[in-house]
file structure.pdb (PDB, C-alpha atoms)
ATOM      1  CA  MET D   1     -59.699 -72.466-310.561
ATOM      2  CA  THR D   2     -61.619 -71.464-307.451
ATOM      3  CA  GLU D   3     -60.228 -71.692-303.962
ATOM      4  CA  ILE D   4     -60.203 -74.986-302.112
ATOM      5  CA  ALA D   5     -60.934 -74.919-298.394
ATOM      6  CA  THR D   6     -61.258 -77.787-295.948
ATOM      7  CA  ARG D   7     -62.001 -77.095-292.294
ATOM      8  CA  ALA D   8     -60.267 -79.296-289.728
ATOM      9  CA  ALA D   9     -63.536 -79.798-287.848
ATOM     10  CA  THR D  10     -65.240 -81.345-290.870
ATOM     11  CA  ALA D  11     -62.329 -83.135-292.600
ATOM     12  CA  GLU D  12     -62.820 -86.868-293.008
ATOM     13  CA  ALA D  13     -60.282 -88.933-291.060
ATOM     14  CA  ILE D  14     -59.542 -92.579-291.853
ATOM     15  CA  GLN D  15     -57.741 -95.104-289.681
ATOM     16  CA  ASP D  16     -56.001 -96.957-292.511
ATOM     17  CA  ALA D  17     -53.775 -99.212-290.377
ATOM     18  CA  PRO D  18     -52.758 -99.619-286.749
ATOM     19  CA  GLY D  19     -51.052 -96.409-285.623
ATOM     20  CA  SER D  20     -51.841 -94.543-288.847
ATOM     21  CA  LEU D  21     -54.445 -91.853-289.490
ATOM     22  CA  ILE D  22     -55.120 -90.115-292.818
ATOM     23  CA  THR D  23     -57.074 -86.856-292.898
ATOM     24  CA  LEU D  24     -58.536 -86.015-296.309
ATOM     25  CA  LEU D  25     -58.136 -82.400-297.454
ATOM     26  CA  THR D  26     -58.796 -82.029-301.193
ATOM     27  CA  ASP D  27     -59.257 -84.318-304.176
ATOM     28  CA  THR D  28     -59.547 -82.471-307.489
ATOM     29  CA  ALA D  29     -58.253 -83.155-310.999
ATOM     30  CA  GLU D  30     -55.341 -80.811-310.289
ATOM     31  CA  LEU D  31     -54.440 -81.733-306.721
ATOM     32  CA  THR D  32     -55.019 -84.416-304.098
ATOM     33  CA  CYS D  33     -53.862 -83.631-300.546
ATOM     34  CA  ASN D  34     -54.077 -85.230-297.141
ATOM     35  CA  THR D  35     -52.227 -85.344-293.867
ATOM     36  CA  ALA D  36     -50.918 -88.547-292.346
ATOM     37  CA  THR D  37     -49.898 -89.160-288.771
ATOM     38  CA  PHE D  38     -47.952 -92.216-287.729
ATOM     39  CA  ASP D  39     -47.379 -93.601-284.253
ATOM     40  CA  GLU D  40     -43.977 -95.018-283.434
ATOM     41  CA  GLY D  41     -43.668 -98.424-285.130
ATOM     42  CA  ALA D  42     -46.502 -97.849-287.644
ATOM     43  CA  ALA D  43     -45.963 -99.716-290.921
ATOM     44  CA  GLY D  44     -46.503 -96.690-293.190
ATOM     45  CA  ALA D  45     -46.922 -97.216-296.926
ATOM     46  CA  PRO D  46     -45.364-100.204-298.694
ATOM     47  CA  VAL D  47     -43.132 -99.868-301.742
ATOM     48  CA  HIS D  48     -45.141 -98.571-304.693
ATOM     49  CA  PHE D  49     -45.068 -96.157-307.612
ATOM     50  CA  HIS D  50     -47.479 -94.006-309.608
ATOM     51  CA  THR D  51     -47.435 -93.776-313.399
ATOM     52  CA  ARG D  52     -49.220 -90.411-313.717
ATOM     53  CA  ALA D  53     -48.637 -88.337-310.587
ATOM     54  CA  THR D  54     -45.819 -86.747-308.645
ATOM     55  CA  GLU D  55     -46.261 -87.430-304.926
ATOM     56  CA  PHE D  56     -44.795 -84.945-302.483
ATOM     57  CA  PHE D  57     -44.196 -84.997-298.743
ATOM     58  CA  HIS D  58     -43.683 -82.188-296.223
ATOM     59  CA  VAL D  59     -42.864 -83.442-292.727
ATOM     60  CA  THR D  60     -44.603 -81.271-290.138
ATOM     61  CA  ALA D  61     -43.474 -83.147-286.993
ATOM     62  CA  GLY D  62     -41.288 -86.082-286.028
ATOM     63  CA  ARG D  63     -39.064 -88.030-288.399
ATOM     64  CA  LEU D  64     -40.062 -89.883-291.567
ATOM     65  CA  ASP D  65     -38.076 -92.500-293.460
ATOM     66  CA  ILE D  66     -38.824 -92.384-297.170
ATOM     67  CA  LEU D  67     -37.519 -94.718-299.825
ATOM     68  CA  VAL D  68     -36.902 -93.076-303.219
ATOM     69  CA  ASP D  69     -35.839 -95.621-305.820
ATOM     70  CA  ASP D  70     -33.385 -97.635-303.697
ATOM     71  CA  GLU D  71     -32.190 -94.878-301.348
ATOM     72  CA  ILE D  72     -33.668 -94.211-297.914
ATOM     73  CA  HIS D  73     -33.845 -90.612-296.735
ATOM     74  CA  THR D  74     -34.728 -89.617-293.167
ATOM     75  CA  LEU D  75     -36.656 -86.348-293.113
ATOM     76  CA  GLY D  76     -37.327 -84.157-290.098
ATOM     77  CA  ALA D  77     -39.859 -81.443-289.380
ATOM     78  CA  GLY D  78     -39.803 -78.850-292.162
ATOM     79  CA  ASP D  79     -38.186 -81.164-294.745
ATOM     80  CA  PHE D  80     -39.776 -81.685-298.169
ATOM     81  CA  ILE D  81     -39.317 -84.237-300.948
ATOM     82  CA  ALA D  82     -41.126 -84.865-304.256
ATOM     83  CA  VAL D  83     -41.164 -88.227-306.035
ATOM     84  CA  PRO D  84     -41.812 -88.118-309.801
ATOM     85  CA  PRO D  85     -44.006 -90.600-311.687
ATOM     86  CA  GLY D  86     -42.492 -94.048-312.216
ATOM     87  CA  VAL D  87     -40.130 -93.877-309.219
ATOM     88  CA  LYS D  88     -40.757 -96.480-306.535
ATOM     89  CA  HIS D  89     -41.085 -95.175-303.000
ATOM     90  CA  ALA D  90     -42.307 -96.074-299.529
ATOM     91  CA  PHE D  91     -42.563 -94.213-296.240
ATOM     92  CA  ALA D  92     -42.930 -94.818-292.516
ATOM     93  CA  PRO D  93     -41.934 -93.119-289.285
ATOM     94  CA  ALA D  94     -38.215 -93.465-288.621
ATOM     95  CA  PRO D  95     -37.468 -96.147-286.021
ATOM     96  CA  GLY D  96     -38.126 -94.807-282.531
ATOM     97  CA  HIS D  97     -40.103 -91.803-283.821
ATOM     98  CA  THR D  98     -43.588 -90.651-284.705
ATOM     99  CA  ALA D  99     -44.263 -88.602-287.823
ATOM    100  CA  ALA D 100     -46.812 -86.127-289.137
ATOM    101  CA  VAL D 101     -46.754 -85.429-292.866
ATOM    102  CA  PHE D 102     -48.573 -83.302-295.427
ATOM    103  CA  VAL D 103     -48.902 -85.455-298.582
ATOM    104  CA  GLY D 104     -49.945 -84.307-302.032
ATOM    105  CA  PHE D 105     -50.325 -85.567-305.591
ATOM    106  CA  THR D 106     -50.254 -83.560-308.762
ATOM    107  CA  PRO D 107     -52.199 -84.039-310.871
ATOM    108  CA  GLY D 108     -54.962 -85.192-308.551
ATOM    109  CA  MET D 109     -57.061 -88.208-309.460
ATOM    110  CA  GLY D 110     -60.004 -88.990-307.221
ATOM    111  CA  ARG D 111     -57.799 -90.811-304.726
ATOM    112  CA  PHE D 112     -59.978 -90.442-301.610
ATOM    113  CA  ASP D 113     -61.811 -93.685-302.407
ATOM    114  CA  TYR D 114     -58.441 -95.480-302.284
ATOM    115  CA  TYR D 115     -57.890 -94.218-298.732
ATOM    116  CA  ARG D 116     -61.433 -95.250-297.828
ATOM    117  CA  LEU D 117     -60.643 -98.732-299.202
ATOM    118  CA  LEU D 118     -57.572 -98.886-296.942
ATOM    119  CA  GLY D 119     -59.827 -97.981-294.022
ATOM    120  CA  ARG D 120     -62.258-100.770-294.931
ATOM    121  CA  VAL D 121     -59.389-103.270-295.106
ATOM    122  CA  ASN D 122     -58.199-102.103-291.673
ATOM    123  CA  ALA D 123     -61.753-102.557-290.341
ATOM    124  CA  GLY D 124     -62.024-106.068-291.830
ATOM    125  CA  GLU D 125     -64.650-104.990-294.376
ATOM    126  CA  ALA D 126     -62.455-105.491-297.484
ATOM    127  CA  THR D 127     -59.383-107.527-298.378
ATOM    128  CA  VAL D 128     -55.805-106.934-299.471
ATOM    129  CA  GLN D 129     -56.866-108.468-302.790
ATOM    130  CA  ASP D 130     -59.340-105.582-303.182
ATOM    131  CA  ILE D 131     -56.396-103.194-302.857
ATOM    132  CA  LYS D 132     -54.377-105.149-305.435
ATOM    133  CA  ASP D 133     -57.357-105.162-307.793
ATOM    134  CA  SER D 134     -57.612-101.349-307.527
ATOM    135  CA  SER D 135     -54.041-100.643-308.707
ATOM    136  CA  ALA D 136     -54.996 -99.351-312.156
ATOM    137  CA  THR D 137     -57.974 -97.356-310.871
ATOM    138  CA  TYR D 138     -55.943 -95.439-308.290
ATOM    139  CA  ASP D 139     -52.538 -95.510-310.060
ATOM    140  CA  ASN D 140     -50.965 -97.235-307.071
ATOM    141  CA  HIS D 141     -48.694-100.042-308.236
ATOM    142  CA  TYR D 142     -46.817-102.174-305.715
ATOM    143  CA  ALA D 143     -43.139-103.018-306.072
ATOM    144  CA  GLU D 144     -40.265-104.573-304.111
ATOM    145  CA  SER D 145     -37.142-103.075-302.569
ATOM    146  CA  SER D 146     -34.407-104.914-300.712
ATOM    147  CA  ALA D 147     -33.299-101.556-299.250
ATOM    148  CA  TRP D 148     -36.749-101.002-297.714
ATOM    149  CA  SER D 149     -37.200-104.562-296.455
ATOM    150  CA  GLY D 150     -33.653-104.366-295.015
ATOM    151  CA  ARG D 151     -34.609-101.168-293.177
ATOM    152  CA  ARG D 152     -37.377-102.969-291.344
ATOM    153  CA  ARG D 153     -35.121-105.884-290.375
ATOM    154  CA  SER D 154     -32.342-103.609-289.122
ATOM    155  CA  ALA D 155     -34.806-101.652-286.963
ATOM    156  CA  GLU D 156     -35.960-104.770-285.098
ATOM    157  CA  PRO D 157     -34.381-105.470-281.673
TER     158      PRO D 157
END
call {"tool": "encode", "arguments": {"input": "structure.pdb", "output": "structure tokens"}}
result
Amino acid sequence: MTEIATRAATAEAIQDAPGSLITLLTDTAELTCNTATFDEGAAGAPVHFHTRATEFFHVTAGRLDILVDDEIHTLGAGDFIAVPPGVKHAFAPAPGHTAAVFVGFTPGMGRFDYYRLLGRVNAGEATVQDIKDSSATYDNHYAESSAWSGRRRSAEP
């Protein structure tokens, strides 16, 4: 394998939802990586799972709530967690906080087009149905969690 280098000045950034920015770093067969920054109150990623990849998270700033199966963990700067294939998870900034996160998948899988699709949905150029229709292509399968939906309700004033 040769080195992989992405310069901050030329990295593609995608506004995938209000208060959420994804910066694309690498997308190879071995590894997919990006950073994600979330404003306070950003929705984050809904409950989902992957059948083929482990997804890992390293919080670089702020506080991140992450659902793993049916347990919510709150991670701070410097914390790391990995979610194996088949385990449902979701993530968003902890209530009252922002978050910056390094996110990776191993193996990688050509996932950048999924993030671009999210950006098109945010811009009104694609639909949520397009995302649902891409589940098999991008190994992103949506699920439900009463623990995660309860988190959102309990954080409301």
call {"tool": "closest_atom_pairs", "arguments": {"input": "structure.pdb", "of": "range 49-75 of chain D", "to": "range 98-110 of chain D", "cutoff": "8 Å", "atoms": "only C-alpha atoms", "output": "JSON lines"}}
result
{"residue": "D:Arg52", "atom": "CA", "partner": "D:Pro107", "partner_atom": "CA", "distance": 7.6}
{"residue": "D:Ala53", "atom": "CA", "partner": "D:Thr106", "partner_atom": "CA", "distance": 5.4}
{"residue": "D:Thr54", "atom": "CA", "partner": "D:Thr106", "partner_atom": "CA", "distance": 5.5}
{"residue": "D:Glu55", "atom": "CA", "partner": "D:Phe105", "partner_atom": "CA", "distance": 4.5}
{"residue": "D:Phe56", "atom": "CA", "partner": "D:Gly104", "partner_atom": "CA", "distance": 5.2}
{"residue": "D:Phe57", "atom": "CA", "partner": "D:Val103", "partner_atom": "CA", "distance": 4.7}
{"residue": "D:His58", "atom": "CA", "partner": "D:Phe102", "partner_atom": "CA", "distance": 5.1}
{"residue": "D:Val59", "atom": "CA", "partner": "D:Val101", "partner_atom": "CA", "distance": 4.4}
{"residue": "D:Thr60", "atom": "CA", "partner": "D:Val101", "partner_atom": "CA", "distance": 5.4}
{"residue": "D:Ala61", "atom": "CA", "partner": "D:Ala100", "partner_atom": "CA", "distance": 5.0}
{"residue": "D:Gly62", "atom": "CA", "partner": "D:Ala99", "partner_atom": "CA", "distance": 4.3}
{"residue": "D:Arg63", "atom": "CA", "partner": "D:Ala99", "partner_atom": "CA", "distance": 5.3}
{"residue": "D:Leu64", "atom": "CA", "partner": "D:Ala99", "partner_atom": "CA", "distance": 5.8}
call {"tool": "atom_distance", "arguments": {"input": "structure.pdb", "atom1": "CA of Ser20 in chain D", "atom2": "CA of Asn34 in chain D"}}
result
12.7 Å
call {"tool": "resolve_selection", "arguments": {"input": "structure.pdb", "expression": "the PyMOL selection byres ((chain D and resi 70) around 12)", "output": "list in words"}}
result
Val47, His48, Ile66, Leu67, Val68, Asp69, Glu71, Ile72, His73, Val87, Lys88, His89, Ala90, Ala143, Glu144, Ser145, Ser146, Ala147, Trp148, Ser149, Gly150 and Arg151 of chain D
call {"tool": "resolve_selection", "arguments": {"input": "structure.pdb", "expression": "the PyMOL selection byres ((chain D and resi 112) around 9)", "output": "number ranges by chain"}}
result
D: 24, 26-27, 32, 109-111, 113-117
call {"tool": "resolve_selection", "arguments": {"input": "structure.pdb", "expression": "the PyMOL selection byres ((chain D and resi 4) around 12)", "output": "list in words"}}
result
Met1, Thr2, Glu3, Ala5, Thr6, Arg7, Leu25, Thr26, Asp27, Thr28, Glu30, Leu31, Thr32 and Cys33 of chain D
call {"tool": "axis_aligned_box", "arguments": {"input": "structure.pdb", "around": "range 38-49 of chain D", "padding_each_side": "5 Å", "output": "AutoDock Vina command-line options"}}
result
--center_x -45.5 --center_y -96.2 --center_z -295.5 --size_x 14.8 --size_y 18.0 --size_z 34.2
call {"tool": "residues_around", "arguments": {"input": "structure.pdb", "residues": "Ala42 in chain D", "least_positions_apart": "2", "cutoff": "8 Å", "atoms": "only C-alpha atoms", "output": "list of chain:residue names"}}
result
D:Ala17, D:Pro18, D:Gly19, D:Ser20, D:Phe38, D:Asp39, D:Glu40, D:Gly44, D:Ala92, D:Pro93
call {"tool": "residues_near_point", "arguments": {"input": "structure.pdb", "point": "(-58.2, -84.7, -293.3)", "cutoff": "7 Å", "atoms": "only C-alpha atoms", "output": "number ranges by chain"}}
result
D: 8, 11-13, 22-25, 34-35
call {"tool": "closest_residue", "arguments": {"input": "structure.pdb", "among": "D:Ala94, D:Leu118, D:Leu75, D:Val83", "to": "Leu21 in chain D", "atoms": "all atoms listed in the file"}}
result
D:Leu118
call {"tool": "decode", "arguments": {"input": "structure.pdb", "residues": "range 106-148 of chain D", "atoms": "C-alpha atoms", "output": "PDB file, in the first residue's frame"}}
result
ATOM      1  CA  THR D 106     -12.474  -0.458   7.727  1.00  0.00           C
ATOM      2  CA  PRO D 107     -12.624  -1.922   5.218  1.00  0.00           C
ATOM      3  CA  GLY D 108     -13.331   1.120   3.075  1.00  0.00           C
ATOM      4  CA  MET D 109     -15.966   0.954   0.364  1.00  0.00           C
ATOM      5  CA  GLY D 110     -16.279   3.953  -1.915  1.00  0.00           C
ATOM      6  CA  ARG D 111     -18.442   5.807   0.592  1.00  0.00           C
ATOM      7  CA  PHE D 112     -17.745   9.388  -0.538  1.00  0.00           C
ATOM      8  CA  ASP D 113     -20.648   9.264  -3.001  1.00  0.00           C
ATOM      9  CA  TYR D 114     -22.960   8.516  -0.054  1.00  0.00           C
ATOM     10  CA  TYR D 115     -21.822  11.720   1.662  1.00  0.00           C
ATOM     11  CA  ARG D 116     -22.277  13.616  -1.598  1.00  0.00           C
ATOM     12  CA  LEU D 117     -25.833  12.217  -1.777  1.00  0.00           C
ATOM     13  CA  LEU D 118     -26.490  13.537   1.743  1.00  0.00           C
ATOM     14  CA  GLY D 119     -25.250  16.931   0.569  1.00  0.00           C
ATOM     15  CA  ARG D 120     -27.609  16.847  -2.422  1.00  0.00           C
ATOM     16  CA  VAL D 121     -30.535  15.981  -0.143  1.00  0.00           C
ATOM     17  CA  ASN D 122     -29.592  18.897   2.131  1.00  0.00           C
ATOM     18  CA  ALA D 123     -29.478  21.183  -0.930  1.00  0.00           C
ATOM     19  CA  GLY D 124     -32.892  19.970  -2.151  1.00  0.00           C
ATOM     20  CA  GLU D 125     -31.394  18.215  -5.187  1.00  0.00           C
ATOM     21  CA  ALA D 126     -32.223  14.642  -4.060  1.00  0.00           C
ATOM     22  CA  THR D 127     -34.721  13.010  -1.718  1.00  0.00           C
ATOM     23  CA  VAL D 128     -34.704  10.941   1.455  1.00  0.00           C
ATOM     24  CA  GLN D 129     -36.030   8.113  -0.722  1.00  0.00           C
ATOM     25  CA  ASP D 130     -32.784   8.310  -2.726  1.00  0.00           C
ATOM     26  CA  ILE D 131     -30.899   7.706   0.523  1.00  0.00           C
ATOM     27  CA  LYS D 132     -33.140   4.749   1.407  1.00  0.00           C
ATOM     28  CA  ASP D 133     -32.663   3.316  -2.080  1.00  0.00           C
ATOM     29  CA  SER D 134     -28.859   3.489  -1.655  1.00  0.00           C
ATOM     30  CA  SER D 135     -28.729   1.334   1.504  1.00  0.00           C
ATOM     31  CA  ALA D 136     -27.282  -1.761  -0.170  1.00  0.00           C
ATOM     32  CA  THR D 137     -24.842   0.220  -2.318  1.00  0.00           C
ATOM     33  CA  TYR D 138     -23.289   2.055   0.628  1.00  0.00           C
ATOM     34  CA  ASP D 139     -23.895  -0.589   3.344  1.00  0.00           C
ATOM     35  CA  ASN D 140     -25.867   1.911   5.406  1.00  0.00           C
ATOM     36  CA  HIS D 141     -28.995   0.273   6.793  1.00  0.00           C
ATOM     37  CA  TYR D 142     -31.413   2.256   8.949  1.00  0.00           C
ATOM     38  CA  ALA D 143     -32.834   0.923  12.200  1.00  0.00           C
ATOM     39  CA  GLU D 144     -34.839   2.066  15.232  1.00  0.00           C
ATOM     40  CA  SER D 145     -33.870   2.617  18.856  1.00  0.00           C
ATOM     41  CA  SER D 146     -36.133   3.711  21.683  1.00  0.00           C
ATOM     42  CA  ALA D 147     -33.004   4.671  23.664  1.00  0.00           C
ATOM     43  CA  TRP D 148     -31.912   7.083  20.915  1.00  0.00           C
TER      44      TRP D 148
END
